[in-house]
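One structure below.
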Amino acid sequence: MPILINGNPRSLPDDPRVSLLDFLREELHMPGTKKGCNQGACGACTVLVDGERILSCLGLAVQYEGRDITTIEGLSVDGDLHPLQKAFIEYDGFQCGYCTPGQICSAIGMASEIRRGAPSHVSADLAGDIVITREELQERMSGNLCRCGAHNGIIDAIRETMTAEVQG
Amino acid sequence: MTPFQYHRAATVAQALQLGIGGAPAFLGGGTNLVDLMRETVERPDRLVDVTGLSRAIEVTSEGGLMIGAAATNAALAEHPMVKTAYPMLSRAILAGASAQIRNMATIGGNLLQRTRCAYFYDTEGSRCNKRAPGSGCDAIGGFNRNHAILGASPACVATHPSDMCVALAALNANIHLEGVGGMRVLPFIDFHRLPGDRPEADTMLERGELITAIELPSLTLASQSTYRKVRDRSSYAFALVSVAAALEIDDGRIVDVRIAFGGVAHKPWRALVAETYLRDGPASLEAFQKAADAELAAAEPLSENGFKVDLVVRTLVAVLADLAGVQA
């Protein structure tokens with residue numbers, strides 16, 4: 001069974017040592033997903049697997065046989081940017097841009113977690129409704145580091161887009 | 001990474017069969033194992049992917065919860081019954097790693113994650129008895145701010161990194177294991193080991209044995225429980241110290257109590273001395289303080305981690321005060 005990358009079936013690598021991240025970047029020549037720390041500490045390599053955010057550097061490509069992977073390259077539709085991509089531009093959610101694909105994929109995964117009522121470390125009531133405060137977004141996005149210091153713009157962009165999406 | 005074969009197990013029996021001989025490793029989410037393999041700390045000759053085995057989370061006939069070992073950390077943390085009947089477990093999981101990692105990591109894998117001691121990871125330049133038995137320990141006398149204050153040995157001062165396991169120790173979950181020789185059930189606090197003179201063995205797991213499920217007992221007081229983690233930054237960092245606690249009070253007296261610490265020992269540290277001190281006594285700040293002091297009487301801090309003794313005492317007192325509704 002192949003692996004789906006942004007809807008396209010691809011053959012898995014022969015060598016099981018190839019990480020999902022290296023498979024995307026080196027074998028499929030899709031450099032949108034970034035390699036930061038390569039040890040699960042920065043979030044730059046975040047992609048969506050069946051809609052859930054994961055770190056592609058800590059997964060072997062073979063583990064994801066038959067799964068549906070979405071990367072930053074798969075977000076725009078007919079050249080029209082995803083609303084979150086537009087918001088990152090609007091709110092200065094980046095400077096160098098290296099963490100940006102991971103931030104955006106992560107935020108999309110986060111939105112579905114909020115929609116299904118998953119609590120976070122800072123949720124006062126584990127079982128209650130989630131109030132999308134700035135603190136909630138910061139905690140939920142803490143797995144994505146930005147060394148340029150664009151975090152405030154990132155949270156602004158996400159808050160603007162996701163508040164509408166989660167409620168809509 | 002050293003070369004290895006990759007197999008996906010469809011059944012427990014198949015996983016066990018694939019785990020016979022050579023140097024196999026069972027693979028969950030891979031969030032720790034893949035990293036350790038990349039650093040050549042771990043060098044299995046084959047990976048047996050067990051994420052296709054049971055991930056069901058089901059209520060038991062005794063009113064507890066049976067959790068398939070392939071369930072993800074995220075799925076367990078947001079399970080409706082875990083959120084209400086075992087809040088310390090939800091909170092412990094949510095305090096660990098990041099959302100991406102919690103989506104990947106399995107319950108079985110969480111139990112088997114290795115220490116984040118920097119000397120354990122440093123294959124090129126450091127001695128480590130856990131990685132290379134008999135080579136020595138560079139953490140003793142080295143950078144040991146994050147290391148153990150309880151139950152360590154001259155061979156190893158590493159700490160267990162899991163948050164989830166601290167809650168499972170306090171709840172005294174049962175661990176269901178299966179090997180080619182059959183099934184067995186271990187109480188959680190007997191699963192992880194203290195280092196002694198064999199720090200390479202983190203757990204009591206036998207060769208080729210697989211964790212199939214974690215069983216939470218039905219425990220009334222667990223609904224009044226929480227988890228507090230103290231770390232260098234407010235998110236996405238390992239614990240300096242952490243406390244999982246549950247408290248049941250009737251008319252100002254403690255009917256039952258469960259306490260476990262993280263970040264202080266080679267295993268999640270069940271604070272049985274403090275529990276015994278508190279049970280059937282008053283729910284007062286003075287009692288909380290004395291119980292914490294009694295538990296930490298055995299502490300043996302290293303050159304750089306003496307602060308952990310006070311920190312865990314103060315964290316425990318604060319957590320118990322919160323649960324009891326008394327002013328700390």
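Every chain in the structure tokens takes a letter, A first, then B, and so on in the order presented; its residues are numbered from 1, and the ligands are numbered from 1 following the presented order.
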Task: Selection near A:Ile108, 8 Å with only C-alpha atoms, sequence-local residues under 4 positions removed, as a ChimeraX atom specification - done: /A:53,104,112
Keeping only N, CA and C atoms, write the selected residues to a file as a PDB file, in the first residue's frame.
```
ATOM      1  N   ARG A  53      -1.807  16.565  13.763  1.00  0.00           N
ATOM      2  CA  ARG A  53      -0.436  17.075  13.650  1.00  0.00           C
ATOM      3  C   ARG A  53       0.557  16.133  14.318  1.00  0.00           C
ATOM      4  N   ILE A 104       2.030  26.613  10.704  1.00  0.00           N
ATOM      5  CA  ILE A 104       0.729  26.618  10.025  1.00  0.00           C
ATOM      6  C   ILE A 104       0.084  25.227  10.071  1.00  0.00           C
ATOM      7  N   SER A 112      -8.604  21.403  14.903  1.00  0.00           N
ATOM      8  CA  SER A 112      -9.502  20.243  14.989  1.00  0.00           C
ATOM      9  C   SER A 112      -9.510  19.667  16.399  1.00  0.00           C
TER      10      SER A 112
END
```
- [ ] Find the residues in chain A near chain B: any atom within 6 Å counts, using only C-alpha atoms. Write them as a PyMOL selection string.
- [x] chain A and resi 53-55+58+118+120-121+126+143
Limited to C-alpha atoms, could you put the picked residues into a file as a PDB file, in the first residue's frame?
```
ATOM      1  CA  ARG A  53      -0.436  17.075  13.650  1.00  0.00           C
ATOM      2  CA  ILE A  54       2.745  15.069  14.193  1.00  0.00           C
ATOM      3  CA  LEU A  55       6.511  15.593  13.969  1.00  0.00           C
ATOM      4  CA  LEU A  58      10.486  11.412  14.740  1.00  0.00           C
ATOM      5  CA  ALA A 118      -9.610  18.233  23.673  1.00  0.00           C
ATOM      6  CA  SER A 120      -4.889  21.511  27.251  1.00  0.00           C
ATOM      7  CA  HIS A 121      -2.469  21.888  30.157  1.00  0.00           C
ATOM      8  CA  LEU A 126     -10.843  19.519  31.734  1.00  0.00           C
ATOM      9  CA  GLY A 143       5.547  22.666  20.382  1.00  0.00           C
TER      10      GLY A 143
END
```
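Look at B:Leu316: the protein and nucleic acid residues within 8 Å of it, using only C-alpha atoms and passing over chain neighbours fewer than 3 places away, are B:Val243, B:Phe288, B:Ala292, B:Val312, B:Val313, B:Val319, B:Leu320.
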Task: Option closest in space to A:Arg67, from A:Glu52, A:Asp129, A:Glu26, A:Asp14 [counting only C-alpha atoms] - done: A:Glu52
